[in-house]
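Engineer: Next comes the structure file entry.cif, holding mmCIF, C-alpha atoms and all ligand atoms.
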data_start
loop_
_atom_site.label_atom_id
_atom_site.label_comp_id
_atom_site.auth_asym_id
_atom_site.auth_seq_id
_atom_site.Cartn_x
_atom_site.Cartn_y
_atom_site.Cartn_z
CA MET Z 1 78.56 -96.03 -52.22
CA LYS Z 2 75.47 -94.98 -50.25
CA PRO Z 3 72.57 -93.72 -52.40
CA GLN Z 4 72.36 -89.99 -53.08
CA LEU Z 5 69.60 -88.75 -50.79
CA ILE Z 6 67.03 -86.17 -51.87
CA LEU Z 7 65.09 -84.57 -49.01
CA LEU Z 8 61.68 -83.27 -50.05
CA GLY Z 9 59.42 -81.39 -47.70
CA ALA Z 10 57.72 -78.14 -46.87
CA PRO Z 11 59.50 -75.18 -45.31
CA GLY Z 12 60.06 -76.11 -41.66
CA SER Z 13 59.46 -79.82 -42.13
CA GLY Z 14 62.92 -80.54 -40.69
CA LYS Z 15 65.15 -81.14 -43.73
CA GLY Z 16 68.08 -79.06 -42.47
CA THR Z 17 67.85 -80.46 -38.93
CA GLN Z 18 67.97 -84.04 -40.17
CA ALA Z 19 70.62 -83.36 -42.82
CA ALA Z 20 73.00 -82.14 -40.10
CA ARG Z 21 72.49 -85.40 -38.20
CA LEU Z 22 73.03 -87.51 -41.31
CA VAL Z 23 76.28 -85.67 -41.95
CA ALA Z 24 77.48 -86.18 -38.38
CA GLU Z 25 76.56 -89.87 -38.12
CA LEU Z 26 76.68 -91.21 -41.66
CA HIS Z 27 79.24 -88.85 -43.22
CA TYR Z 28 77.17 -87.59 -46.09
CA ASN Z 29 77.99 -84.29 -47.79
CA HIS Z 30 75.14 -81.81 -47.39
CA ILE Z 31 74.09 -79.40 -50.10
CA SER Z 32 71.28 -76.96 -49.37
CA THR Z 33 70.37 -74.58 -52.20
CA GLY Z 34 68.83 -72.22 -49.63
CA ASP Z 35 72.12 -72.10 -47.69
CA LEU Z 36 74.11 -71.53 -50.91
CA LEU Z 37 71.80 -68.67 -51.90
CA ARG Z 38 71.98 -67.11 -48.41
CA LYS Z 39 75.78 -67.25 -48.64
CA GLU Z 40 75.61 -65.30 -51.90
CA ILE Z 41 73.41 -62.67 -50.25
CA LYS Z 42 75.76 -62.39 -47.27
CA SER Z 43 78.79 -61.89 -49.52
CA GLU Z 44 76.86 -59.22 -51.49
CA SER Z 45 77.74 -60.92 -54.78
CA GLU Z 46 75.92 -60.02 -58.00
CA LEU Z 47 73.96 -63.26 -57.67
CA GLY Z 48 73.15 -62.43 -54.05
CA LYS Z 49 71.79 -59.01 -55.05
CA LYS Z 50 69.68 -60.63 -57.78
CA VAL Z 51 68.04 -63.21 -55.51
CA GLN Z 52 67.66 -61.26 -52.25
CA GLY Z 53 64.25 -59.74 -53.00
CA ILE Z 54 62.87 -63.01 -54.34
CA MET Z 55 63.92 -64.97 -51.26
CA ASN Z 56 62.62 -62.31 -48.89
CA SER Z 57 59.25 -62.51 -50.64
CA GLY Z 58 59.09 -66.31 -50.26
CA LYS Z 59 58.98 -67.05 -53.99
CA LEU Z 60 61.31 -69.38 -55.86
CA VAL Z 61 64.51 -68.28 -57.56
CA ASP Z 62 64.62 -69.23 -61.26
CA ASP Z 63 65.56 -72.81 -62.10
CA ASN Z 64 68.71 -72.10 -64.14
CA THR Z 65 70.30 -69.94 -61.46
CA VAL Z 66 69.76 -72.54 -58.78
CA LEU Z 67 70.82 -75.46 -60.98
CA GLU Z 68 74.09 -73.72 -61.89
CA LEU Z 69 74.81 -72.99 -58.24
CA LEU Z 70 74.05 -76.57 -57.27
CA ASN Z 71 76.16 -78.07 -60.02
CA ALA Z 72 79.14 -75.88 -59.17
CA ASN Z 73 79.03 -77.02 -55.57
CA CYS Z 74 78.83 -80.78 -55.73
CA ASP Z 75 81.11 -83.53 -56.92
CA LEU Z 76 79.32 -86.85 -56.76
CA SER Z 77 82.47 -88.82 -57.51
CA GLN Z 78 83.78 -87.88 -54.05
CA ASN Z 79 80.95 -88.83 -51.71
CA ALA Z 80 77.21 -89.39 -51.39
CA TYR Z 81 75.25 -86.13 -51.06
CA ILE Z 82 72.11 -85.02 -49.33
CA PHE Z 83 70.15 -82.68 -51.60
CA ASP Z 84 68.15 -80.34 -49.36
CA GLY Z 85 65.80 -77.83 -50.97
CA PHE Z 86 66.37 -79.06 -54.53
CA PRO Z 87 64.28 -80.00 -56.49
CA ARG Z 88 61.33 -77.64 -55.83
CA ASN Z 89 59.39 -78.29 -59.03
CA HIS Z 90 59.12 -80.87 -61.79
CA ASP Z 91 61.64 -79.21 -64.12
CA GLN Z 92 64.21 -79.16 -61.32
CA ALA Z 93 63.56 -82.84 -60.59
CA LYS Z 94 64.24 -83.70 -64.24
CA ALA Z 95 67.35 -81.52 -64.31
CA LEU Z 96 68.69 -83.11 -61.13
CA ASP Z 97 68.46 -86.55 -62.76
CA GLU Z 98 69.83 -85.53 -66.14
CA VAL Z 99 72.49 -82.97 -65.27
CA VAL Z 100 73.66 -83.85 -61.76
CA LEU Z 101 72.82 -87.41 -60.71
CA LYS Z 102 73.13 -89.02 -64.14
CA LYS Z 103 73.60 -92.71 -63.37
CA SER Z 104 74.19 -92.52 -59.61
CA LYS Z 105 71.81 -94.40 -57.38
CA SER Z 106 69.40 -92.06 -55.60
CA ARG Z 107 66.51 -92.11 -53.21
CA ALA Z 108 64.00 -89.40 -52.33
CA VAL Z 109 62.40 -88.98 -48.93
CA TYR Z 110 59.28 -86.89 -48.39
CA PHE Z 111 58.95 -85.28 -44.95
CA ASN Z 112 55.23 -85.62 -44.52
CA ILE Z 113 53.57 -83.20 -42.07
CA ASP Z 114 50.40 -81.17 -41.77
CA LEU Z 115 51.34 -77.74 -43.18
CA GLU Z 116 49.38 -75.97 -40.44
CA LYS Z 117 52.02 -77.01 -37.92
CA LEU Z 118 54.84 -75.29 -39.77
CA ALA Z 119 54.32 -71.56 -39.28
CA ALA Z 120 55.04 -71.87 -35.55
CA ARG Z 121 58.16 -73.92 -36.21
CA LEU Z 122 59.46 -71.38 -38.71
CA THR Z 123 58.79 -68.16 -36.83
CA ASN Z 124 60.47 -69.66 -33.75
CA ARG Z 125 63.55 -70.94 -35.58
CA ARG Z 126 66.92 -69.42 -34.72
CA THR Z 127 70.17 -70.36 -36.44
CA CYS Z 128 73.72 -70.02 -35.20
CA SER Z 129 75.71 -67.41 -37.12
CA GLY Z 130 78.88 -69.40 -36.46
CA CYS Z 131 78.33 -73.13 -36.84
CA GLY Z 132 74.84 -73.13 -38.41
CA GLU Z 133 73.22 -75.21 -35.64
CA ILE Z 134 69.42 -74.93 -35.85
CA PHE Z 135 67.45 -74.06 -32.70
CA ASN Z 136 63.79 -73.49 -31.94
CA LEU Z 137 62.43 -71.27 -29.19
CA LEU Z 138 59.58 -73.72 -28.57
CA SER Z 139 61.15 -77.15 -28.99
CA LYS Z 140 64.91 -76.69 -28.83
CA ALA Z 141 65.70 -73.48 -27.01
CA PRO Z 142 69.34 -72.53 -26.39
CA ALA Z 143 70.47 -72.67 -22.74
CA LYS Z 144 71.34 -68.96 -22.87
CA GLU Z 145 69.07 -66.67 -24.85
CA GLY Z 146 70.51 -65.67 -28.23
CA VAL Z 147 73.69 -67.75 -27.80
CA CYS Z 148 74.63 -71.02 -29.50
CA ASP Z 149 75.05 -73.94 -27.08
CA LEU Z 150 77.71 -75.47 -29.29
CA CYS Z 151 80.05 -72.66 -30.32
CA GLY Z 152 78.94 -69.61 -28.28
CA LYS Z 153 78.26 -67.40 -31.32
CA SER Z 154 75.07 -65.35 -31.66
CA LEU Z 155 71.80 -66.77 -32.95
CA THR Z 156 70.03 -65.11 -35.84
CA GLN Z 157 66.56 -65.25 -37.36
CA ARG Z 158 66.19 -65.85 -41.10
CA LYS Z 159 64.68 -62.90 -42.98
CA ASP Z 160 62.10 -65.18 -44.62
CA ASP Z 161 60.88 -66.57 -41.28
CA ASN Z 162 58.29 -63.83 -40.67
CA GLU Z 163 54.57 -64.62 -40.75
CA GLU Z 164 53.84 -63.01 -44.11
CA THR Z 165 56.73 -64.62 -46.02
CA VAL Z 166 56.06 -67.98 -44.36
CA LYS Z 167 52.52 -67.87 -45.77
CA THR Z 168 53.86 -67.33 -49.29
CA ARG Z 169 56.50 -70.07 -48.88
CA LEU Z 170 53.91 -72.60 -47.76
CA GLN Z 171 51.59 -71.61 -50.62
CA VAL Z 172 54.40 -71.98 -53.19
CA PHE Z 173 55.18 -75.39 -51.71
CA LYS Z 174 51.54 -76.51 -52.01
CA GLU Z 175 51.45 -75.44 -55.65
CA THR Z 176 54.64 -77.21 -56.70
CA ILE Z 177 55.15 -80.38 -54.68
CA ASP Z 178 52.72 -82.87 -56.31
CA PRO Z 179 54.52 -83.27 -59.67
CA VAL Z 180 57.82 -83.62 -57.79
CA LEU Z 181 56.45 -86.47 -55.67
CA ALA Z 182 54.98 -88.09 -58.80
CA HIS Z 183 58.38 -87.92 -60.50
CA TYR Z 184 60.03 -89.97 -57.76
CA GLU Z 185 57.04 -92.25 -57.23
CA GLU Z 186 57.01 -93.19 -60.92
CA SER Z 187 60.68 -94.11 -60.85
CA GLY Z 188 60.26 -96.16 -57.65
CA ARG Z 189 62.56 -93.92 -55.61
CA LEU Z 190 60.11 -92.31 -53.18
CA ALA Z 191 59.81 -93.03 -49.46
CA ARG Z 192 57.71 -91.03 -47.01
CA ILE Z 193 58.40 -90.39 -43.36
CA ASP Z 194 56.26 -88.87 -40.64
CA ALA Z 195 57.98 -85.54 -40.00
CA SER Z 196 55.63 -84.60 -37.16
CA GLN Z 197 57.43 -86.98 -34.80
CA ASN Z 198 60.19 -85.75 -32.51
CA PRO Z 199 63.57 -85.26 -34.24
CA ASP Z 200 65.05 -88.50 -32.82
CA ASP Z 201 62.24 -90.60 -34.24
CA VAL Z 202 62.41 -88.82 -37.59
CA PHE Z 203 66.13 -89.53 -37.67
CA ALA Z 204 65.64 -93.23 -36.86
CA ALA Z 205 63.18 -93.53 -39.76
CA LEU Z 206 65.54 -91.71 -42.10
CA LYS Z 207 68.55 -93.77 -41.10
CA GLY Z 208 66.56 -96.95 -41.73
CA LEU Z 209 65.98 -95.80 -45.30
CA THR Z 210 69.69 -95.32 -45.97
CA GLU Z 211 70.36 -98.89 -44.83
CA GLU Z 212 67.72 -100.71 -46.89
P1 LIG Z 301 65.39 -73.15 -48.02
O1 LIG Z 301 66.51 -72.63 -47.27
O2 LIG Z 301 65.52 -74.44 -48.73
O3 LIG Z 301 64.14 -73.16 -47.07
P2 LIG Z 301 62.83 -74.09 -47.01
O4 LIG Z 301 62.66 -75.13 -48.03
O5 LIG Z 301 61.75 -73.09 -46.93
O6 LIG Z 301 63.05 -74.95 -45.77
P3 LIG Z 301 63.56 -74.50 -44.36
O7 LIG Z 301 65.04 -74.40 -44.38
O8 LIG Z 301 62.79 -73.30 -43.91
O9 LIG Z 301 63.04 -75.72 -43.47
P4 LIG Z 301 63.72 -77.09 -43.08
O10 LIG Z 301 62.88 -78.18 -43.63
O11 LIG Z 301 65.17 -77.12 -43.42
O12 LIG Z 301 63.49 -77.07 -41.51
P5 LIG Z 301 64.54 -77.00 -40.29
O13 LIG Z 301 65.24 -78.29 -40.16
O14 LIG Z 301 65.38 -75.77 -40.35
O15 LIG Z 301 64.93 -72.09 -49.14
C1 LIG Z 301 64.78 -70.73 -48.82
C2 LIG Z 301 64.48 -69.93 -50.10
O16 LIG Z 301 65.57 -70.06 -51.03
C3 LIG Z 301 63.25 -70.37 -50.91
O17 LIG Z 301 62.06 -69.79 -50.40
C4 LIG Z 301 63.60 -69.88 -52.31
O18 LIG Z 301 63.41 -68.49 -52.44
C5 LIG Z 301 65.10 -70.15 -52.37
N1 LIG Z 301 65.41 -71.49 -52.89
C6 LIG Z 301 66.06 -72.49 -52.22
N2 LIG Z 301 66.17 -73.59 -52.98
C7 LIG Z 301 65.57 -73.27 -54.16
C8 LIG Z 301 65.34 -74.01 -55.35
N3 LIG Z 301 65.74 -75.28 -55.49
N4 LIG Z 301 64.70 -73.38 -56.37
C9 LIG Z 301 64.29 -72.10 -56.27
N5 LIG Z 301 64.47 -71.35 -55.16
C10 LIG Z 301 65.10 -71.94 -54.12
O19 LIG Z 301 63.50 -76.88 -39.07
C11 LIG Z 301 62.67 -75.74 -38.93
C12 LIG Z 301 62.43 -75.48 -37.44
O20 LIG Z 301 61.70 -76.57 -36.90
C13 LIG Z 301 63.72 -75.37 -36.61
O21 LIG Z 301 63.55 -74.40 -35.63
C14 LIG Z 301 63.87 -76.78 -35.98
O22 LIG Z 301 64.53 -76.73 -34.72
C15 LIG Z 301 62.42 -77.20 -35.83
N6 LIG Z 301 62.25 -78.65 -36.01
C16 LIG Z 301 62.88 -79.46 -36.90
N7 LIG Z 301 62.46 -80.72 -36.78
C17 LIG Z 301 61.53 -80.72 -35.79
C18 LIG Z 301 60.72 -81.75 -35.22
N8 LIG Z 301 60.79 -83.01 -35.65
N9 LIG Z 301 59.86 -81.40 -34.23
C19 LIG Z 301 59.78 -80.10 -33.80
N10 LIG Z 301 60.53 -79.09 -34.30
C20 LIG Z 301 61.39 -79.39 -35.30
MG MG Z 302 66.51 -75.78 -44.33
#
Just give me the structure of the file as C-alpha cells.
Structural biologist:
Amino acid sequence: MKPQLILLGAPGSGKGTQAARLVAELHYNHISTGDLLRKEIKSESELGKKVQGIMNSGKLVDDNTVLELLNANCDLSQNAYIFDGFPRNHDQAKALDEVVLKKSKSRAVYFNIDLEKLAARLTNRRTCSGCGEIFNLLSKAPAKEGVCDLCGKSLTQRKDDNEETVKTRLQVFKETIDPVLAHYEESGRLARIDASQNPDDVFAALKGLTEE
C-alpha cells in the first residue's frame, strides 16, 4: 500500500488544493479536520455549536475533540489516507502515530512558504458549495463570477478567511509548527516542498515523494 501522507503547512499553503489532485490522480482518501469541523457547524450539531466560535476566531479546537472526529472518519485498512490539517501541535502528532497510524507506513510533507504571502491567498479564496473545488480570485478565478466552473453551484467564502482571523491563524501556526516538524524529522519521515511554486509544480514535487 502507498504510505499514509501527512500534509503539514500554514493556512493557505495549498494543502487542500494538492490533496484534491492526489485524490483524483493517485486515488488516496482525503481527510481534512477543518472540513470535518465545518461540516459539523453546517449541520448545527452539538459539536458544531461548540467549535464555531473557536474556528471563527482562528484558534485551535481542543486536541481530544479533533482526534475523536478524525478517528471516527478514517479506516486505514481500506486505503491510504492524506491527513490534511492534522496534526497541528506536538501532542496531536504523537496521538496520530499512537492512536491512528499505529504500524502503518507514513510520510510527512511540509509545504514551505513565506508566511507573508498567505494572507492574500486566503482572503481571495472561494470554495464551491457543491463540489468543494477551491478557487482564488487572484490566481484561479472562476470563468463566471461566483459560480463553480465544474458543477455550476455557488462559490462561498470561508468565515475564517477575513484579515483579522487570518492574522490569528498564521500566528497560531508560527507558535505550534516547530515541534511538529521536529517530530517527523526525528523519525526520518519529513520531506519539504517549495509551496510558493505554481500548483502544477507543487503537485509534481508531491507526486515524486509518493513514488520514492
Ligand atoms: P483548516 O481547514 O485545516 O485550515 P488551515 O490549516 O488554516 O488551512 P487552509 O484550508 O486555510 O489552507 P490550505 O493549505 O488547505 O490551502 P488551500 O489549498 O485551500 O482549519 C480551519 C480551522 O479548523 C483551524 O483554524 C482550527 O480552528 C480548526 N482545526 C482544523 N484542524 C484542527 C486540528 N487538527 N486541531 C485543532 N483545530 C483544528 O489554498 C488556499 C488558497 O490559495 C486557495 O484560494 C488556492 O486556490 C490558492 N492556492 C493554492 N495553491 C496555490 C499555489 N501554489 N499558488 C497560488 N495560489 C495557490
Ligand atoms: Mg484546507
Engineer: Write out as a PyMOL selection string which residues come within 12 Å of Val100 of chain Z when counting only C-alpha atoms, dropping same-chain ones fewer than 6 positions away.
Structural biologist: chain Z and resi 4+67-77+81+83+86-87+92-94+106
Engineer: Need the shell around Arg107 of chain Z: protein/DNA/RNA residues with any atom at most 7 Å away, counting all atoms listed in the file. Skip same-chain ones fewer than 2 positions apart. Format as an NGL selection string?
Structural biologist: :Z and (3-6 or 109 or 189-190)
Engineer: Within 8 Å of ligand MG 302 (chain Z), counting all atoms listed in the file: which residues, as a JSON list (two decimals) with C-alpha atoms, in the coordinates of the input?
Structural biologist:
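That gives us part_16.json:
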[["chain", "number", "residue", "atom", "x", "y", "z"],
["Z", 11, "PRO", "CA", 59.50, -75.18, -45.31],
["Z", 12, "GLY", "CA", 60.06, -76.11, -41.66],
["Z", 14, "GLY", "CA", 62.92, -80.54, -40.69],
["Z", 15, "LYS", "CA", 65.15, -81.14, -43.73],
["Z", 16, "GLY", "CA", 68.08, -79.06, -42.47],
["Z", 17, "THR", "CA", 67.85, -80.46, -38.93],
["Z", 32, "SER", "CA", 71.28, -76.96, -49.37],
["Z", 34, "GLY", "CA", 68.83, -72.22, -49.63],
["Z", 35, "ASP", "CA", 72.12, -72.10, -47.69],
["Z", 84, "ASP", "CA", 68.15, -80.34, -49.36],
["Z", 85, "GLY", "CA", 65.80, -77.83, -50.97]]
Engineer: Which residues, written as JSON, numbers by chain, have at least one atom at most 12 Å from Glu133 of chain Z, with only C-alpha atoms counted and residues fewer than 6 positions away on the same chain left out?
Structural biologist: {"Z": [16, 17, 18, 19, 20, 21, 125, 126, 127, 140, 141, 142, 147, 148, 149, 150, 151, 152, 153, 154, 155, 156]}
Engineer: Of the candidates Z:Gly130, Z:Gly146, Z:Gly53, Z:Gly9, which shows the shortest atom-to-atom distance to Leu37 of chain Z, using only C-alpha atoms?
Structural biologist: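 Of Z:Gly130, Z:Gly146, Z:Gly53, Z:Gly9, the one nearest Leu37 of chain Z, counting only C-alpha atoms, is Z:Gly53.
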Engineer: Using all atoms listed in the file, give me every residue within 12 Å of (57.0, -89.7, -39.0) in file coordinates, as a PyMOL selection string.
Structural biologist: chain Z and resi 13-14+109-114+191-206
Engineer: Export C-alpha atoms of the chosen residues as a PDB file, in the coordinates of the input?
Structural biologist:
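For reference, result-v2.pdb as written:
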ATOM      1  CA  SER Z  13      59.460 -79.820 -42.130  1.00  0.00           C
ATOM      2  CA  GLY Z  14      62.920 -80.540 -40.690  1.00  0.00           C
ATOM      3  CA  VAL Z 109      62.400 -88.980 -48.930  1.00  0.00           C
ATOM      4  CA  TYR Z 110      59.280 -86.890 -48.390  1.00  0.00           C
ATOM      5  CA  PHE Z 111      58.950 -85.280 -44.950  1.00  0.00           C
ATOM      6  CA  ASN Z 112      55.230 -85.620 -44.520  1.00  0.00           C
ATOM      7  CA  ILE Z 113      53.570 -83.200 -42.070  1.00  0.00           C
ATOM      8  CA  ASP Z 114      50.400 -81.170 -41.770  1.00  0.00           C
ATOM      9  CA  ALA Z 191      59.810 -93.030 -49.460  1.00  0.00           C
ATOM     10  CA  ARG Z 192      57.710 -91.030 -47.010  1.00  0.00           C
ATOM     11  CA  ILE Z 193      58.400 -90.390 -43.360  1.00  0.00           C
ATOM     12  CA  ASP Z 194      56.260 -88.870 -40.640  1.00  0.00           C
ATOM     13  CA  ALA Z 195      57.980 -85.540 -40.000  1.00  0.00           C
ATOM     14  CA  SER Z 196      55.630 -84.600 -37.160  1.00  0.00           C
ATOM     15  CA  GLN Z 197      57.430 -86.980 -34.800  1.00  0.00           C
ATOM     16  CA  ASN Z 198      60.190 -85.750 -32.510  1.00  0.00           C
ATOM     17  CA  PRO Z 199      63.570 -85.260 -34.240  1.00  0.00           C
ATOM     18  CA  ASP Z 200      65.050 -88.500 -32.820  1.00  0.00           C
ATOM     19  CA  ASP Z 201      62.240 -90.600 -34.240  1.00  0.00           C
ATOM     20  CA  VAL Z 202      62.410 -88.820 -37.590  1.00  0.00           C
ATOM     21  CA  PHE Z 203      66.130 -89.530 -37.670  1.00  0.00           C
ATOM     22  CA  ALA Z 204      65.640 -93.230 -36.860  1.00  0.00           C
ATOM     23  CA  ALA Z 205      63.180 -93.530 -39.760  1.00  0.00           C
ATOM     24  CA  LEU Z 206      65.540 -91.710 -42.100  1.00  0.00           C
TER      25      LEU Z 206
END
Engineer: Identify which of the residues Z:Glu185, Z:Glu145, Z:Glu163, Z:Asp91 lies closest to Ala119 of chain Z, counting only C-alpha atoms when measuring atom-to-atom distances.
Structural biologist: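 Closest to Ala119 of chain Z of all the choices is Z:Glu163.
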Engineer: So, with all atoms listed in the file as the atoms that count, which of Z:Val51, Z:Ala120, Z:Gln157, Z:Ala95 lies closest to Ile134 of chain Z?
Structural biologist: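 The shortest atom-to-atom distance to Ile134 of chain Z comes from Z:Gln157.
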Engineer: List the neighbours of Gln171 of chain Z out to 12 Å using all atoms listed in the file; skip same-chain residues closer than 2 positions along the sequence, and give me the result as a ChimeraX atom specification.
Structural biologist: /Z:10-11,57-60,115-116,118-119,164-169,173-177
Engineer: Kindly give the distance, in Å, that separates atom CA of Ala80 of chain Z and atom CA of Tyr28 of chain Z, rounded to a single decimal.
Structural biologist: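 Between these atoms lies a distance of 5.6 Å.
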Engineer: Quick one: distance from atom C19 of ligand LIG 301 (chain Z) to atom CA of Leu138 of chain Z in Å, one decimal?
Structural biologist: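 Straight-line distance from atom C19 of ligand LIG 301 (chain Z) to atom CA of Leu138 of chain Z works out to 8.3 Å.
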Engineer: From the set Z:Ile31, Z:Met1, Z:Leu26, Z:Leu122, which residue has the shortest atom-to-atom contact distance to ligand LIG 301 (chain Z), counting all atoms listed in the file?
Structural biologist: Z:Leu122
Engineer: Hey, can you check how far atom CA of Gly208 of chain Z sits from atom C17 of ligand LIG 301 (chain Z)?
Structural biologist: 18.0 Å
Engineer: Report the centre and edge lengths, in Å to one decimal, of an axis-aligned box enclosing every atom of segment 11-21 of chain Z listed in the file, padded by 5 Å on each side, as lines of an AutoDock Vina configuration file.
Structural biologist:
center_x = 66.2
center_y = -80.3
center_z = -41.8
size_x = 23.5
size_y = 20.2
size_z = 17.1
Engineer: Calculated over only C-alpha atoms, which of the candidates Z:Glu211, Z:Pro179, Z:Arg38, Z:Lys159 has the smallest distance to Asn56 of chain Z?
Structural biologist: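 Counting only C-alpha atoms, the residue closest to Asn56 of chain Z is Z:Lys159.
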Engineer: Between Z:Lys39, Z:Asp63, Z:Glu25, Z:Glu44, which is the closest to Gly132 of chain Z once you count only C-alpha atoms?
Structural biologist: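 With only C-alpha atoms as the atom set, the closest residue is Z:Lys39.
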